[in-house]
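Note sheet for the following structure.
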Amino acid sequence: MPDPLPQDLGLDPANESPFKGNTGLRRILNAFGYSLAGLRAAYLCEDAFRQEVWLAALLMPLALLLPVPWLGRGLMIGSVLLVLVVELLNSAIEAVVDRVSLENHRLAKRAKDIGSAAVLVALLNTFVVWVCVGMAAA
């Protein structure tokens, strides 16, 4: 059975966003450009992301130099990259909340606190992975 078309589901992708009309290589190139713009904006505007980039710049080469198996290196580097991903998502949530309203509101605080908690969990994951891989290699 073929997948239903968006129109069959009551959706009209062409009217969702003026930027959704591109396909193929043009879409990929546009998406890559948007991604680079997002990384640049996060680095320039978000202190926490900038600090975590510098931490990643220190830890990822260290993971390659340590005498651990390649799987361990992959886990170590992946855990560091996960911190960056979660921080980007947290920063996006904070930007959207601030765009909606700058006034103090319990739901805005909750959204920001939960995003911050996600970053903390990702950092704890990195710590645990590095300790476990280090202990396994010792």
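FYI, nothing fancy with the structure tokens labels: chains A, B, ... in order, residues from 1 per chain, ligands from 1 as they appear.
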
Every residue of chain A that DSSP places in helix (DSSP H, G or I), as a PyMOL selection string:
chain A and resi 6-9+13-15+24-45+47-65+70-100+106-137

Skipping near chain neighbours, those fewer than 6 positions away, what residues fall within 9 Å of Gly72 in chain A using only C-alpha atoms, listed as a tab-separated table (two decimals) with C-alpha atoms, in the first residue's frame?
```tsv
chain	number	residue	atom	x	y	z
A	63	ALA	CA	40.38	11.03	22.82
A	129	VAL	CA	31.59	7.63	29.20
A	130	TRP	CA	35.09	9.03	29.68
A	132	CYS	CA	34.15	4.04	31.88
A	133	VAL	CA	36.32	3.99	28.77
A	134	GLY	CA	39.33	5.07	30.82
A	136	ALA	CA	38.21	-0.29	30.73
A	137	ALA	CA	41.48	0.68	29.05
```

Between A:Tyr34, A:Leu81, A:Asp8, A:Ile28, which has the minimum distance to Trp54 in chain A (counting only C-alpha atoms)?
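Smallest distance to Trp54 in chain A is found for A:Leu81.
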
Report, in Å to a single decimal, how far apart CA of Arg40 in chain A and CA of Val80 in chain A are.
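A separation of 18.6 Å between them.
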